[in-house]
Amino acid sequence: MSLPSLSVGFMPLVDAAPVIVAREMGFARAEGLDLDLRRAPSWSTLRDMLVFDAVDAAQMLSPVPVATALGLGGAGVALHALSVLSVNGNVIGVSRDLAARMRGRGFGFGFDDARAAGAALLAARDGRLRVGVPFPFSMHVELIRYWLDALAPGRAIEIRTVPPPLMAEAIGADEIDAFCVGEPWGSIAVDGGVGELLLPGCAIWAGAPEKVLAVRAGRAETEQERFGALVRALWRAGRWLGQPGSRIVATELLARPQYLDVPAEIVDRALSGRLTLSGRGEIREVAGLVEFHGPGFGVPWPGQAAWLGRRMAARAGRDPLAADDAARRVFRPDLHRRMLAGVGPSGAPGADRPMASGDDPLTLRGDRFFDGRIFDPSRPG
């Protein structure tokens with residue numbers, strides 16, 4: 001008997017793993033769904049696929065539904081986030097020439113000190129720093145802005161949009177000096193001899209909500225059975241990915257031509273947290289480079305949406321308080337918990353996620369910024 005189909009868009013990134021695993025390991029089928037996965041070449045294409053109903057749901061950059069709610073980016077159709085699919089997963093890299101200048105000044109590429117890395121980067125680049133990111137409304141932008149603005153307020157930073165699969169080409173062609181991108185595309189730049197890795201994104205913010213499950217507003221309420229099955233399948237996929245014994249199989253699945261289409265060894269670097277920094281073969285191990293499961297994991301916290309909304313509004317000259325209110329309505333923990341009722345402990349406070357009340361964690365052990373601040377959803381970004 002054929003199962004009802006549900007189409008989900010994704011980008012060829014390691015953090016698309018929950019969507020890919022939900023299909024390939026049978027979690028969607030166990031929930032009564034036939035997942036039709038559709039790969040997109042860029043984030044703008046994927047967003048438009050969702051907005052114009054070419055897909056039912058999408059793996060999406062967490063700031064995109066928030067930007068849409070603020071009227072930024074021209075999408076024009078309200079989106080909701082039903083789940084957080086991944087935390088962290090980005091790397092920051094620099095061109096080979098810029099890396100050489102940084103090394104010449106004595107920087108050792110320790111890969112764990114965001115303050116020292118930022119200072120060395122800014123000192124080695126005269127004038128405007130050109131940074132490639134995959135999309136204007138993305139955690140990549142928020143990480144770069146938070147990091148460099150804290151170190152050098154007012155420093156000229158030019159943000160350029162480059163689709164992830166083209167990031168290595170852009171830095172090799174001297175179109176950008178540095179990049180912030182999801183794996184495996186940072187490692188592709190390293191293996192291509194055009195860039196070196198400087199820092200993992202989690203060294204800037206240890207608990208950044210990177211990708212969400214996005215749907216058109218209203219669809220999840222009217223089709224709770226179908227979308228509930230999807231949320232449950234993705235939760236089960238994330239739990240499977242969180243098991244150490246799953247890595248070898250997950251690596252092989254993601255590397256397939258229809259998904260990331262890159263060597264399995266490069267995918268494994270991200271899933272293991274063991275990255276090659278440069279052509280010299282330098283290796284660094286990063287705990288929490290990308291995560292798919294954990295206590296309280298998956299809940300789309302409204303306070304995180306508000307943090308994103310306030311920051312984007314401030315840069316766009318919008319009212320931050322109005323943006324806060326609009327953003328909070330985009331992340332839907334109510335639907336997430338309802339759809340996961342009886343499946344797992346989603347939303348239940350864990351040892352590292354104590355909560356006072358409501359939807360937002362007051363302190364998140366893993367949500368420390370590089371400058372010592374702890375994520376607090378009640379404070380402006």
# chains A, B, ... in the order shown; residues from 1 in each chain; ligands from 1
call {"tool": "residues_around", "arguments": {"residues": "region 257-262 of chain A", "least_positions_apart": "5", "cutoff": "9 Å", "atoms": "only C-alpha atoms", "output": "PyMOL selection string"}}
result
chain A and resi 10-14+16+20+39+184+188+267
call {"tool": "write_last_selection", "arguments": {"atoms": "N, CA, C and O atoms", "output": "PDB file, in the first residue's frame"}}
result
ATOM      1  N   PHE A  10      15.803  20.652   0.825  1.00  0.00           N
ATOM      2  CA  PHE A  10      17.009  20.697   1.652  1.00  0.00           C
ATOM      3  C   PHE A  10      18.165  21.246   0.832  1.00  0.00           C
ATOM      4  O   PHE A  10      18.127  21.277  -0.400  1.00  0.00           O
ATOM      5  N   MET A  11      19.182  21.679   1.553  1.00  0.00           N
ATOM      6  CA  MET A  11      20.431  22.103   0.933  1.00  0.00           C
ATOM      7  C   MET A  11      21.491  21.044   1.163  1.00  0.00           C
ATOM      8  O   MET A  11      21.468  20.350   2.188  1.00  0.00           O
ATOM      9  N   PRO A  12      22.458  20.879   0.229  1.00  0.00           N
ATOM     10  CA  PRO A  12      23.488  19.861   0.386  1.00  0.00           C
ATOM     11  C   PRO A  12      24.516  20.259   1.449  1.00  0.00           C
ATOM     12  O   PRO A  12      25.600  20.768   1.153  1.00  0.00           O
ATOM     13  N   LEU A  13      24.136  20.022   2.693  1.00  0.00           N
ATOM     14  CA  LEU A  13      24.952  20.365   3.852  1.00  0.00           C
ATOM     15  C   LEU A  13      24.905  19.213   4.845  1.00  0.00           C
ATOM     16  O   LEU A  13      23.918  18.461   4.895  1.00  0.00           O
ATOM     17  N   VAL A  14      25.916  19.111   5.667  1.00  0.00           N
ATOM     18  CA  VAL A  14      25.937  18.063   6.687  1.00  0.00           C
ATOM     19  C   VAL A  14      24.747  18.182   7.615  1.00  0.00           C
ATOM     20  O   VAL A  14      24.181  17.175   8.056  1.00  0.00           O
ATOM     21  N   ALA A  16      21.824  18.834   6.950  1.00  0.00           N
ATOM     22  CA  ALA A  16      20.593  18.280   6.370  1.00  0.00           C
ATOM     23  C   ALA A  16      20.401  16.836   6.811  1.00  0.00           C
ATOM     24  O   ALA A  16      19.425  16.180   6.408  1.00  0.00           O
ATOM     25  N   ILE A  20      17.617  13.690   5.640  1.00  0.00           N
ATOM     26  CA  ILE A  20      18.094  12.569   4.837  1.00  0.00           C
ATOM     27  C   ILE A  20      17.946  11.252   5.596  1.00  0.00           C
ATOM     28  O   ILE A  20      17.468  10.243   5.053  1.00  0.00           O
ATOM     29  N   ARG A  39      16.541  18.575  -3.487  1.00  0.00           N
ATOM     30  CA  ARG A  39      17.735  19.378  -3.208  1.00  0.00           C
ATOM     31  C   ARG A  39      17.654  20.707  -3.944  1.00  0.00           C
ATOM     32  O   ARG A  39      17.269  20.762  -5.119  1.00  0.00           O
ATOM     33  N   PRO A 184      29.920  20.532   4.389  1.00  0.00           N
ATOM     34  CA  PRO A 184      31.357  20.272   4.191  1.00  0.00           C
ATOM     35  C   PRO A 184      32.083  21.334   3.385  1.00  0.00           C
ATOM     36  O   PRO A 184      33.229  21.115   2.976  1.00  0.00           O
ATOM     37  N   ILE A 188      35.876  21.627   1.857  1.00  0.00           N
ATOM     38  CA  ILE A 188      36.115  21.585   0.410  1.00  0.00           C
ATOM     39  C   ILE A 188      37.117  22.667   0.017  1.00  0.00           C
ATOM     40  O   ILE A 188      38.001  22.452  -0.826  1.00  0.00           O
ATOM     41  N   VAL A 267      32.657  14.348   4.773  1.00  0.00           N
ATOM     42  CA  VAL A 267      31.459  14.385   5.608  1.00  0.00           C
ATOM     43  C   VAL A 267      31.797  13.947   7.028  1.00  0.00           C
ATOM     44  O   VAL A 267      31.338  14.533   8.018  1.00  0.00           O
TER      45      VAL A 267
END
call {"tool": "residues_around", "arguments": {"residues": "region 196-200 of chain A", "least_positions_apart": "4", "cutoff": "6 Å", "atoms": "only C-alpha atoms", "output": "mmCIF file with C-alpha atoms, in the first residue's frame"}}
result
data_model
loop_
_atom_site.group_PDB
_atom_site.id
_atom_site.type_symbol
_atom_site.label_atom_id
_atom_site.label_comp_id
_atom_site.auth_asym_id
_atom_site.auth_seq_id
_atom_site.Cartn_x
_atom_site.Cartn_y
_atom_site.Cartn_z
ATOM 1 C CA VAL A 91 33.056 27.003 10.125
ATOM 2 C CA ILE A 92 34.902 30.241 9.463
ATOM 3 C CA GLY A 93 37.720 30.158 6.953
ATOM 4 C CA VAL A 94 40.154 32.576 5.349
ATOM 5 C CA PHE A 111 40.859 26.942 16.509
ATOM 6 C CA VAL A 190 40.772 23.412 2.404
ATOM 7 C CA LEU A 277 42.517 23.107 8.970
ATOM 8 C CA SER A 278 44.922 23.510 6.078
#
call {"tool": "atom_distance", "arguments": {"atom1": "CA of Gly207 (chain A)", "atom2": "CA of Arg368 (chain A)"}}
result
7.1 Å
call {"tool": "select_by_dssp", "arguments": {"residues": "region 62-121 of chain A", "states": "helix (DSSP H, G or I)", "output": "PyMOL selection string"}}
result
chain A and resi 63-69+96-104+114-121
call {"tool": "closest_residue", "arguments": {"among": "A:Leu253, A:Val77, A:Leu289, A:Leu61", "to": "Ala270 (chain A)", "atoms": "only C-alpha atoms"}}
result
A:Leu289
call {"tool": "atom_distance", "arguments": {"atom1": "CA of Gly32 (chain A)", "atom2": "CA of Leu3 (chain A)"}}
result
6.1 Å
call {"tool": "closest_residue", "arguments": {"among": "A:Asp113, A:Leu121, A:Gly273, A:Glu175", "to": "Ser187 (chain A)", "atoms": "only C-alpha atoms"}}
result
A:Gly273
call {"tool": "closest_residue", "arguments": {"among": "A:Asp334, A:Asp324, A:Asp34, A:Asp56", "to": "Ala69 (chain A)", "atoms": "only C-alpha atoms"}}
result
A:Asp324
call {"tool": "atom_distance", "arguments": {"atom1": "CA of Leu33 (chain A)", "atom2": "CA of Arg232 (chain A)"}}
result
10.7 Å
call {"tool": "residues_around", "arguments": {"residues": "Val51 (chain A)", "least_positions_apart": "6", "cutoff": "8 Å", "atoms": "only C-alpha atoms", "output": "list in words"}}
result
Ala75, Gly76, Val77 and Arg216 of chain A
call {"tool": "closest_residue", "arguments": {"among": "A:Pro4, A:Gly192, A:Pro209, A:Gly108", "to": "Gly298 (chain A)", "atoms": "only C-alpha atoms"}}
result
A:Pro209
